[in-house]
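Asker: Below is coords19.tsv; it holds TSV, C-alpha atoms and all ligand atoms.
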chain	number	residue	atom	x	y	z
M	1	MET	CA	246.36	25.04	351.46
M	2	ILE	CA	250.01	26.02	351.38
M	3	GLY	CA	251.23	28.83	349.18
M	4	THR	CA	249.53	31.77	347.60
M	5	GLU	CA	247.72	30.00	344.80
M	6	LYS	CA	243.99	30.68	344.97
M	7	ALA	CA	241.87	27.59	345.60
M	8	GLY	CA	239.07	27.13	343.14
M	9	THR	CA	237.89	25.75	339.86
M	10	ALA	CA	240.02	26.49	336.80
M	11	THR	CA	237.87	27.69	333.91
M	12	LYS	CA	238.55	28.46	330.27
M	13	GLY	CA	236.28	31.02	328.72
M	14	TYR	CA	235.95	33.75	326.12
M	15	ALA	CA	235.93	37.32	327.29
M	16	THR	CA	235.74	40.79	325.85
M	17	HIS	CA	237.65	43.61	327.52
M	18	GLY	CA	235.75	46.63	326.26
M	19	PRO	CA	232.74	47.69	324.16
M	20	GLU	CA	234.78	47.66	320.93
M	21	ALA	CA	237.07	44.74	321.81
M	22	LYS	CA	237.09	41.33	320.17
M	23	PHE	CA	236.51	38.11	322.08
M	24	ALA	CA	239.67	36.32	323.22
M	25	PRO	CA	240.40	33.23	325.32
M	26	PHE	CA	240.28	34.10	329.02
M	27	ASN	CA	241.36	31.79	331.81
M	28	PHE	CA	239.93	32.44	335.26
M	29	VAL	CA	239.10	30.74	338.55
M	30	ARG	CA	235.59	30.08	339.79
M	31	ARG	CA	234.94	29.27	343.45
M	32	GLU	CA	235.58	25.78	344.78
M	33	VAL	CA	232.61	23.44	344.67
M	34	GLY	CA	231.01	24.11	348.08
M	35	PRO	CA	228.71	21.75	350.04
M	36	ASN	CA	225.59	23.01	348.22
M	37	ASP	CA	227.20	23.55	344.83
M	38	VAL	CA	227.29	21.61	341.60
M	39	LEU	CA	229.93	21.86	338.90
M	40	ILE	CA	228.41	21.88	335.42
M	41	ASP	CA	230.61	21.00	332.43
M	42	ILE	CA	229.09	23.33	329.87
M	43	GLN	CA	228.24	21.67	326.57
M	44	TYR	CA	226.27	24.46	324.93
M	45	CYS	CA	225.61	28.12	325.59
M	46	GLY	CA	223.11	30.16	323.59
M	47	ILE	CA	223.79	33.65	322.28
M	48	CYS	CA	221.03	35.92	323.58
M	49	HIS	CA	220.54	39.39	322.10
M	50	SER	CA	221.02	40.79	325.60
M	51	ASP	CA	224.59	39.41	325.54
M	52	ILE	CA	225.27	41.75	322.63
M	53	HIS	CA	223.69	44.75	324.37
M	54	GLN	CA	225.79	44.15	327.47
M	55	VAL	CA	229.05	43.42	325.65
M	56	LYS	CA	228.67	46.68	323.72
M	57	ASN	CA	227.54	48.55	326.87
M	58	GLU	CA	224.30	49.60	325.18
M	59	TRP	CA	222.35	49.47	328.46
M	60	PRO	CA	224.51	51.79	330.61
M	61	ASN	CA	221.66	52.57	333.02
M	62	PHE	CA	219.91	49.20	333.01
M	63	MET	CA	222.89	46.80	333.09
M	64	PRO	CA	226.19	48.70	332.87
M	65	ALA	CA	229.06	46.67	331.42
M	66	MET	CA	231.81	45.30	333.65
M	67	TYR	CA	234.95	44.04	331.91
M	68	PRO	CA	236.41	41.56	331.37
M	69	MET	CA	233.01	40.14	330.45
M	70	VAL	CA	232.32	36.47	329.77
M	71	PRO	CA	228.68	36.55	328.58
M	72	GLY	CA	226.21	33.69	328.36
M	73	HIS	CA	223.06	32.79	330.31
M	74	GLU	CA	221.60	29.94	328.26
M	75	ILE	CA	223.72	27.17	329.70
M	76	VAL	CA	223.35	23.41	329.59
M	77	GLY	CA	225.61	20.45	330.30
M	78	PRO	CA	226.23	17.48	332.57
M	79	VAL	CA	226.98	17.76	336.28
M	80	SER	CA	230.53	16.56	336.88
M	81	GLN	CA	230.88	17.20	340.62
M	82	VAL	CA	228.47	17.70	343.53
M	83	GLY	CA	228.98	19.07	347.04
M	84	ASP	CA	228.33	16.92	350.15
M	85	LYS	CA	224.90	18.41	350.84
M	86	VAL	CA	223.57	18.37	347.29
M	87	THR	CA	220.34	16.37	346.92
M	88	LYS	CA	218.82	17.63	343.64
M	89	PHE	CA	221.60	16.37	341.33
M	90	LYS	CA	224.01	13.50	341.00
M	91	VAL	CA	227.09	13.29	338.80
M	92	GLY	CA	226.00	12.69	335.20
M	93	ASP	CA	222.64	14.47	335.47
M	94	VAL	CA	222.06	17.21	332.93
M	95	ALA	CA	221.63	20.70	334.38
M	96	GLY	CA	220.89	24.17	333.10
M	97	ILE	CA	221.55	27.73	334.23
M	98	GLY	CA	219.54	30.76	333.17
M	99	CYS	CA	219.87	34.48	333.80
M	100	PHE	CA	220.71	34.47	337.51
M	101	VAL	CA	222.72	32.22	339.82
M	102	ASP	CA	221.78	33.40	343.32
M	103	SER	CA	219.53	35.78	345.27
M	104	CYS	CA	219.00	36.73	348.92
M	105	ARG	CA	216.58	33.82	349.56
M	106	GLU	CA	214.83	35.83	352.32
M	107	CYS	CA	212.76	38.60	350.73
M	108	GLN	CA	209.15	38.04	349.70
M	109	PRO	CA	209.87	37.67	345.95
M	110	CYS	CA	212.58	35.07	346.74
M	111	ILE	CA	210.19	33.18	349.05
M	112	ASP	CA	207.54	33.32	346.31
M	113	GLY	CA	209.90	31.84	343.71
M	114	LEU	CA	210.28	35.14	341.88
M	115	GLU	CA	214.01	35.33	342.43
M	116	GLN	CA	214.47	37.50	339.34
M	117	PHE	CA	212.85	40.29	341.38
M	118	CYS	CA	214.90	39.75	344.58
M	119	GLN	CA	214.67	42.98	346.54
M	120	LYS	CA	218.42	42.92	347.14
M	121	GLY	CA	219.06	42.26	343.47
M	122	SER	CA	219.74	38.74	342.25
M	123	ALA	CA	223.24	37.68	341.27
M	124	MET	CA	223.20	37.74	337.48
M	125	THR	CA	224.91	34.86	335.68
M	126	TYR	CA	227.42	37.28	334.12
M	127	ASN	CA	228.17	41.00	334.08
M	128	GLY	CA	227.28	41.07	337.76
M	129	THR	CA	228.56	39.94	341.12
M	130	GLU	CA	227.87	37.16	343.56
M	131	MET	CA	225.66	38.13	346.52
M	132	ASP	CA	228.86	39.32	348.29
M	133	ARG	CA	228.67	42.17	345.74
M	134	VAL	CA	232.42	41.81	345.19
M	135	THR	CA	233.14	38.61	343.28
M	136	PRO	CA	232.42	39.11	339.58
M	137	THR	CA	230.26	36.56	337.79
M	138	TYR	CA	231.36	35.12	334.46
M	139	GLY	CA	228.87	33.43	332.16
M	140	GLY	CA	228.51	30.43	329.93
M	141	TYR	CA	230.92	31.27	327.10
M	142	SER	CA	233.18	28.98	329.13
M	143	ASN	CA	233.76	25.31	329.86
M	144	ASN	CA	232.22	25.09	333.34
M	145	TYR	CA	230.13	26.84	336.00
M	146	VAL	CA	229.92	26.39	339.79
M	147	VAL	CA	226.41	27.11	341.04
M	148	ASP	CA	224.32	26.46	344.14
M	149	GLU	CA	221.99	23.56	343.33
M	150	LYS	CA	218.94	25.74	344.16
M	151	TYR	CA	219.74	27.95	341.17
M	152	ALA	CA	220.46	25.11	338.72
M	153	LEU	CA	217.62	23.58	336.70
M	154	LYS	CA	217.03	19.91	336.02
M	155	VAL	CA	217.07	19.07	332.31
M	156	ASN	CA	215.33	15.85	331.37
M	157	ALA	CA	216.17	15.94	327.67
M	158	GLN	CA	218.08	13.08	326.11
M	159	GLY	CA	220.52	13.27	323.21
M	160	ASP	CA	221.42	16.54	321.52
M	161	LEU	CA	221.20	19.38	324.03
M	162	SER	CA	222.00	22.26	321.67
M	163	GLY	CA	218.34	23.22	321.22
M	164	VAL	CA	217.72	23.04	324.97
M	165	ALA	CA	220.20	25.79	325.91
M	166	PRO	CA	218.08	28.71	324.59
M	167	LEU	CA	215.11	27.56	326.65
M	168	LEU	CA	216.92	28.93	329.71
M	169	CYS	CA	216.29	32.52	328.58
M	170	ALA	CA	214.25	32.67	325.36
M	171	GLY	CA	212.05	29.77	326.50
M	172	ILE	CA	211.17	31.10	329.94
M	173	THR	CA	210.78	34.68	328.69
M	174	THR	CA	207.95	33.55	326.41
M	175	TYR	CA	206.51	30.72	328.53
M	176	SER	CA	205.98	32.85	331.63
M	177	PRO	CA	203.53	35.40	330.16
M	178	LEU	CA	201.70	32.74	328.11
M	179	LYS	CA	201.18	30.77	331.32
M	180	ARG	CA	200.32	33.78	333.46
M	181	PHE	CA	197.53	34.85	331.10
M	182	LYS	CA	196.27	31.29	330.77
M	183	VAL	CA	196.71	30.88	327.03
M	184	GLY	CA	194.99	27.70	325.88
M	185	PRO	CA	192.63	25.99	323.45
M	186	GLY	CA	190.01	28.16	321.76
M	187	GLN	CA	192.12	31.29	322.08
M	188	LYS	CA	193.56	33.47	319.37
M	189	VAL	CA	197.15	34.38	320.17
M	190	GLY	CA	199.44	36.73	318.28
M	191	VAL	CA	203.24	36.66	318.38
M	192	VAL	CA	204.93	39.84	317.21
M	193	GLY	CA	208.42	39.31	315.76
M	194	LEU	CA	209.86	35.99	314.66
M	195	GLY	CA	213.34	35.95	316.19
M	196	GLY	CA	214.94	34.01	319.04
M	197	LEU	CA	212.08	34.88	321.39
M	198	GLY	CA	209.24	34.87	318.86
M	199	HIS	CA	209.94	31.42	317.47
M	200	MET	CA	209.82	30.01	321.00
M	201	GLY	CA	206.58	31.90	321.64
M	202	VAL	CA	205.01	30.25	318.58
M	203	LYS	CA	206.05	26.74	319.61
M	204	ILE	CA	204.95	27.13	323.23
M	205	ALA	CA	201.62	28.85	322.45
M	206	LYS	CA	200.82	26.08	319.94
M	207	ALA	CA	201.67	23.41	322.52
M	208	MET	CA	199.31	25.16	324.93
M	209	GLY	CA	196.56	24.70	322.35
M	210	ALA	CA	196.07	28.23	321.00
M	211	GLU	CA	195.51	29.35	317.41
M	212	VAL	CA	198.68	31.32	316.65
M	213	THR	CA	199.22	34.22	314.27
M	214	VAL	CA	202.71	35.58	313.61
M	215	PHE	CA	203.14	39.31	312.93
M	216	SER	CA	206.34	40.25	311.17
M	217	THR	CA	207.73	43.08	309.05
M	218	SER	CA	209.45	40.48	306.81
M	219	PRO	CA	207.12	38.76	304.31
M	220	GLY	CA	209.92	36.20	303.83
M	221	LYS	CA	209.17	34.69	307.22
M	222	GLU	CA	205.75	33.33	306.26
M	223	ALA	CA	206.98	29.86	305.25
M	224	ASP	CA	209.07	29.54	308.38
M	225	SER	CA	206.16	30.61	310.59
M	226	LYS	CA	204.05	27.80	309.21
M	227	LYS	CA	206.93	25.35	309.64
M	228	LEU	CA	207.18	26.35	313.29
M	229	GLY	CA	203.48	25.60	313.70
M	230	ALA	CA	201.82	29.01	313.32
M	231	ASP	CA	198.30	28.94	311.84
M	232	ASN	CA	198.41	32.40	310.27
M	233	PHE	CA	200.95	34.98	309.17
M	234	VAL	CA	200.38	38.72	308.80
M	235	VAL	CA	202.79	41.37	307.52
M	236	SER	CA	202.31	43.97	310.22
M	237	ARG	CA	202.86	46.92	307.83
M	238	ASP	CA	200.08	45.71	305.55
M	239	ALA	CA	197.08	47.82	306.59
M	240	GLU	CA	194.73	45.79	304.41
M	241	ALA	CA	195.70	42.60	306.20
M	242	MET	CA	195.51	44.20	309.65
M	243	ALA	CA	192.06	45.82	309.27
M	244	PRO	CA	189.83	42.72	309.13
M	245	ILE	CA	191.42	41.15	312.23
M	246	ALA	CA	190.86	44.17	314.52
M	247	ASN	CA	189.44	43.45	317.99
M	248	SER	CA	189.84	39.68	317.60
M	249	PHE	CA	192.80	38.50	319.70
M	250	ASN	CA	192.74	37.19	323.26
M	251	PHE	CA	196.44	37.65	323.80
M	252	ILE	CA	199.40	39.13	321.94
M	253	LEU	CA	203.05	38.57	322.86
M	254	ASP	CA	205.28	41.36	321.56
M	255	THR	CA	208.89	40.13	321.37
M	256	VAL	CA	210.34	43.02	319.36
M	257	SER	CA	213.15	45.06	320.89
M	258	ALA	CA	213.55	47.50	317.99
M	259	ASP	CA	211.61	50.76	318.36
M	260	HIS	CA	208.01	50.24	317.22
M	261	GLU	CA	204.40	51.28	317.80
M	262	LEU	CA	202.15	49.44	320.25
M	263	MET	CA	198.87	51.02	319.18
M	264	PRO	CA	198.34	48.76	316.14
M	265	TYR	CA	198.50	45.71	318.41
M	266	LEU	CA	196.19	47.16	321.07
M	267	GLY	CA	193.73	47.59	318.20
M	268	LEU	CA	193.91	43.87	317.43
M	269	LEU	CA	192.91	42.86	320.98
M	270	GLY	CA	189.33	41.83	321.69
M	271	ILE	CA	187.45	42.56	324.91
M	272	TYR	CA	189.60	41.71	327.96
M	273	GLY	CA	192.53	41.08	325.61
M	274	THR	CA	196.09	41.49	326.86
M	275	LEU	CA	199.23	42.71	325.10
M	276	VAL	CA	202.45	41.65	326.85
M	277	VAL	CA	205.79	43.18	325.95
M	278	VAL	CA	209.07	41.32	326.55
M	279	GLY	CA	211.43	43.36	324.34
M	280	VAL	CA	213.19	46.51	325.56
M	281	PRO	CA	213.32	49.16	322.80
M	282	SER	CA	215.48	52.24	323.34
M	283	ALA	CA	212.62	54.72	322.77
M	284	PRO	CA	209.30	54.68	324.69
M	285	ALA	CA	206.11	53.94	322.74
M	286	ALA	CA	203.05	56.19	322.96
M	287	VAL	CA	199.85	54.59	324.18
M	288	TYR	CA	196.46	56.31	323.96
M	289	GLN	CA	194.46	55.56	327.10
M	290	GLY	CA	191.22	55.30	325.13
M	291	ALA	CA	192.61	52.27	323.29
M	292	LEU	CA	192.88	50.43	326.61
M	293	ILE	CA	189.61	51.65	328.10
M	294	MET	CA	187.41	50.64	325.18
M	295	GLY	CA	187.33	46.87	325.56
M	296	ASN	CA	188.86	46.60	329.05
M	297	LYS	CA	192.22	45.85	327.48
M	298	ALA	CA	195.48	45.39	329.34
M	299	LEU	CA	199.09	46.19	328.54
M	300	ALA	CA	201.64	44.29	330.63
M	301	GLY	CA	205.32	43.38	330.83
M	302	SER	CA	207.15	40.21	331.78
M	303	ALA	CA	210.74	39.45	332.82
M	304	ILE	CA	212.15	35.92	332.48
M	305	GLY	CA	210.85	33.68	335.32
M	306	GLY	CA	211.82	32.43	338.77
M	307	ILE	CA	213.40	29.05	339.44
M	308	PRO	CA	210.13	27.11	340.00
M	309	GLU	CA	208.55	28.44	336.80
M	310	THR	CA	211.75	27.91	334.79
M	311	GLN	CA	211.74	24.28	335.92
M	312	GLU	CA	208.07	24.01	334.98
M	313	MET	CA	208.89	25.41	331.51
M	314	LEU	CA	211.72	22.90	330.98
M	315	ASP	CA	209.41	20.05	331.99
M	316	PHE	CA	206.66	21.38	329.70
M	317	CYS	CA	209.08	21.63	326.76
M	318	ALA	CA	210.44	18.10	327.40
M	319	GLU	CA	206.89	16.74	327.50
M	320	HIS	CA	205.96	18.48	324.24
M	321	ASN	CA	209.30	17.87	322.50
M	322	ILE	CA	209.99	21.58	322.20
M	323	VAL	CA	213.50	22.83	321.62
M	324	SER	CA	214.87	25.95	319.99
M	325	ASP	CA	215.87	25.95	316.31
M	326	VAL	CA	219.60	26.56	316.50
M	327	GLU	CA	222.75	27.07	314.49
M	328	VAL	CA	225.69	25.59	316.41
M	329	ILE	CA	229.02	27.40	316.16
M	330	THR	CA	232.52	27.10	317.58
M	331	PRO	CA	233.75	29.83	319.95
M	332	ASP	CA	236.00	31.42	317.31
M	333	ARG	CA	232.84	32.49	315.44
M	334	ILE	CA	231.21	34.52	318.25
M	335	GLU	CA	231.74	37.86	316.51
M	336	GLU	CA	230.32	36.61	313.24
M	337	ALA	CA	227.33	35.28	315.17
M	338	TYR	CA	226.85	38.67	316.86
M	339	ASP	CA	226.88	40.46	313.48
M	340	ARG	CA	224.36	38.05	312.06
M	341	THR	CA	222.13	38.19	315.15
M	342	ILE	CA	222.00	41.98	314.86
M	343	LYS	CA	220.88	41.55	311.23
M	344	SER	CA	218.32	38.87	312.25
M	345	ASP	CA	220.24	36.51	309.98
M	346	VAL	CA	219.81	33.40	312.12
M	347	ARG	CA	217.13	30.75	312.35
M	348	TYR	CA	216.66	31.25	315.23
M	349	ARG	CA	219.38	31.10	317.83
M	350	PHE	CA	223.14	30.72	317.75
M	351	VAL	CA	224.46	28.24	320.25
M	352	ILE	CA	228.16	27.92	321.04
M	353	ASP	CA	229.57	24.41	321.33
M	354	MET	CA	231.77	24.71	324.41
M	355	GLN	CA	232.91	21.09	324.49
M	356	ASN	CA	235.55	21.21	321.81
M	357	GLN	CA	237.67	24.26	322.51
J	1	ZN	ZN	218.80	36.27	327.53
J	2	ZN	ZN	215.57	38.14	347.67
When written as structure tokens, how does the structure in this file appear?
Answerer:
Amino acid sequence: MIGTEKAGTATKGYATHGPEAKFAPFNFVRREVGPNDVLIDIQYCGICHSDIHQVKNEWPNFMPAMYPMVPGHEIVGPVSQVGDKVTKFKVGDVAGIGCFVDSCRECQPCIDGLEQFCQKGSAMTYNGTEMDRVTPTYGGYSNNYVVDEKYALKVNAQGDLSGVAPLLCAGITTYSPLKRFKVGPGQKVGVVGLGGLGHMGVKIAKAMGAEVTVFSTSPGKEADSKKLGADNFVVSRDAEAMAPIANSFNFILDTVSADHELMPYLGLLGIYGTLVVVGVPSAPAAVYQGALIMGNKALAGSAIGGIPETQEMLDFCAEHNIVSDVEVITPDRIEEAYDRTIKSDVRYRFVIDMQNQ
């Protein structure tokens, strides 16, 4: 190439330039489509609560903010270009991208399909760098993404894809622990919190055949819980409702990221029951060892999922007609959507329409 112009893929996105800054249009250049890459024309990108934490630099030790930041890791859209060596996709296929876009491919977690735990640190979809540790990554609040085909997911859904986008983070975050602890028919499963994660947990646990109870601090969410398929609804602050169901659950998925107690939920577990946490509160919760010992109970955590399991989740959701309940917005409403997400005023995920900018 002659001249000084950088070769690559021109991209239009929305970036923020500091923790207090507003989103503004941001033009940048992604890498050229390499032999193993696909170019995805982004149709929809979900707004995950972790986008808000990172934009506002609320996780300085966990995921410090790098600006300009183009968030977004719930990405879906058609493939518009493929490299010479690409075999998994052809032009026109629908593809998705989740929380990471590359990893070292050599360490044991990578070999085991647990790329989210790459020992060298996976390349996050945004607010991170490529594996060269230099090139910044920009996320899905943009009109395209160039990604190695190994880190893109196949989406088999037809028609409206807006509800598919949140599966790439909220879907896999809830599917992975439900699968790992073999949730199925005949089991009593609790889902704590009915937000972006919780509503996916309800749908997936029901599709796996479990009897599902939603625990929420908002009595107003009872009707919605039932609509989503939950069998029972309990206001978690209501001691009279909590007492008779003690020691009765096989599995409880705690999706709440606000500070809260874990002990009440350990008390709801039956023998060999498991409580899995997927939210990251700012303050640690106290756990009394005796509550785990009596009943051989387990407390565990779970972080998204690797590429093979994310694909399995997408296939499971397609088979069971599961999508996220979404409110679609245009990019000029990102801030409003953030404010409402913080107030839990969304049923249940905002998704940005990136096609019509
Ligand atoms: Zn997320
Ligand atoms: Zn690795």
Asker: Taking only C-alpha atoms and all ligand atoms into account, list the residues no farther than 6 Å from ligand ZN 1 (chain J), as a PyMOL selection string.
Answerer: chain M and resi 48+50+169
Asker: M:Cys107, M:Met354, M:Met263, M:Ala258: which is nearest ligand ZN 2 (chain J), counting all atoms listed in the file?
Answerer: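 Once distances to ligand ZN 2 (chain J) are computed over all atoms listed in the file, the minimum belongs to M:Cys107.
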Asker: I want to know what sits within 7 Å of segment 110-126 of chain M, based on all atoms listed in the file, with residues of the same chain fewer than 6 positions away left out; could you give that as an MDAnalysis selection string?
Answerer: chainID M and resid 70:73 99:104 137:139 305:308
Asker: Using all atoms listed in the file, determine which residues lie at most 7 Å from Gly77 of chain M, disregarding the query and same-chain residues fewer than 4 positions distant; provide the list as a PDB file with C-alpha atoms, in the coordinates of the input.
Answerer:
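That gives us part_23.pdb:
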ATOM      1  CA  ILE M  40     228.410  21.880 335.420  1.00  0.00           C
ATOM      2  CA  ASP M  41     230.610  21.000 332.430  1.00  0.00           C
ATOM      3  CA  ILE M  42     229.090  23.330 329.870  1.00  0.00           C
ATOM      4  CA  GLN M  43     228.240  21.670 326.570  1.00  0.00           C
ATOM      5  CA  TYR M  44     226.270  24.460 324.930  1.00  0.00           C
ATOM      6  CA  VAL M  94     222.060  17.210 332.930  1.00  0.00           C
ATOM      7  CA  ALA M  95     221.630  20.700 334.380  1.00  0.00           C
ATOM      8  CA  GLY M  96     220.890  24.170 333.100  1.00  0.00           C
TER       9      GLY M  96
END
Asker: Which residue gives the smallest distance to Gly295 of chain M among M:Cys317, M:Asn250, M:Val86, M:Glu335, with all atoms listed in the file counted?
Answerer: M:Asn250
Asker: Please determine the residues with any atom at most 9 Å from (206.5, 37.3, 331.3) (coordinates as given in the file, with only C-alpha atoms counting) and report them as a PyMOL selection string.
Answerer: chain M and resi 172-180+276-278+300-305
Asker: Do a neighbour search on Ile47 of chain M at 10 Å with all atoms listed in the file, toss out local chain neighbours closer than 3 positions, and write the hits as a ChimeraX atom specification.
Answerer: /M:44,50-52,71-75,140-141,165-166,169,196,334,337-338,341,349-352
Asker: Can you work out which one of M:Asp325, M:Glu309, M:Asp224, M:Glu211 has the shortest atom-to-atom distance to Leu197 of chain M, counting only C-alpha atoms?
Answerer: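 Comparing M:Asp325, M:Glu309, M:Asp224, M:Glu211 against Leu197 of chain M, the winner is M:Asp325.
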Asker: Can you list, as a ChimeraX atom specification, every protein, DNA or RNA residue that comes within 8 Å of segment 265-268 of chain M when you count all atoms listed in the file, leaving out same-chain residues fewer than 4 positions away?
Answerer: /M:242,245-249,252,275,291-292,297
Asker: Just so I have it separately, write segment 204-227 of chain M from the block I sent, keeping C-alpha atoms, as a compact mmCIF listing (two decimals), in the first residue's frame.
Answerer:
# COMPACT_ATOMS: atom_id res chain seq x y z
CA ILE M 204 -33.12 -21.85 30.69
CA ALA M 205 -33.79 -23.71 33.95
CA LYS M 206 -37.42 -24.24 32.87
CA ALA M 207 -36.27 -25.55 29.47
CA MET M 208 -33.98 -27.96 31.32
CA GLY M 209 -37.06 -29.31 33.08
CA ALA M 210 -36.68 -27.94 36.61
CA GLU M 211 -39.34 -26.49 38.91
CA VAL M 212 -38.29 -22.84 39.19
CA THR M 213 -38.82 -20.38 42.03
CA VAL M 214 -37.89 -16.71 41.64
CA PHE M 215 -36.62 -14.79 44.68
CA SER M 216 -36.90 -11.04 44.42
CA THR M 217 -37.04 -8.00 46.69
CA SER M 218 -39.73 -6.49 44.42
CA PRO M 219 -43.23 -7.96 44.93
CA GLY M 220 -44.16 -6.28 41.62
CA LYS M 221 -42.16 -8.87 39.71
CA GLU M 222 -44.45 -11.79 40.57
CA ALA M 223 -46.63 -11.51 37.45
CA ASP M 224 -43.61 -11.21 35.20
CA SER M 225 -41.94 -14.23 36.82
CA LYS M 226 -44.95 -16.36 35.98
CA LYS M 227 -45.02 -14.97 32.44
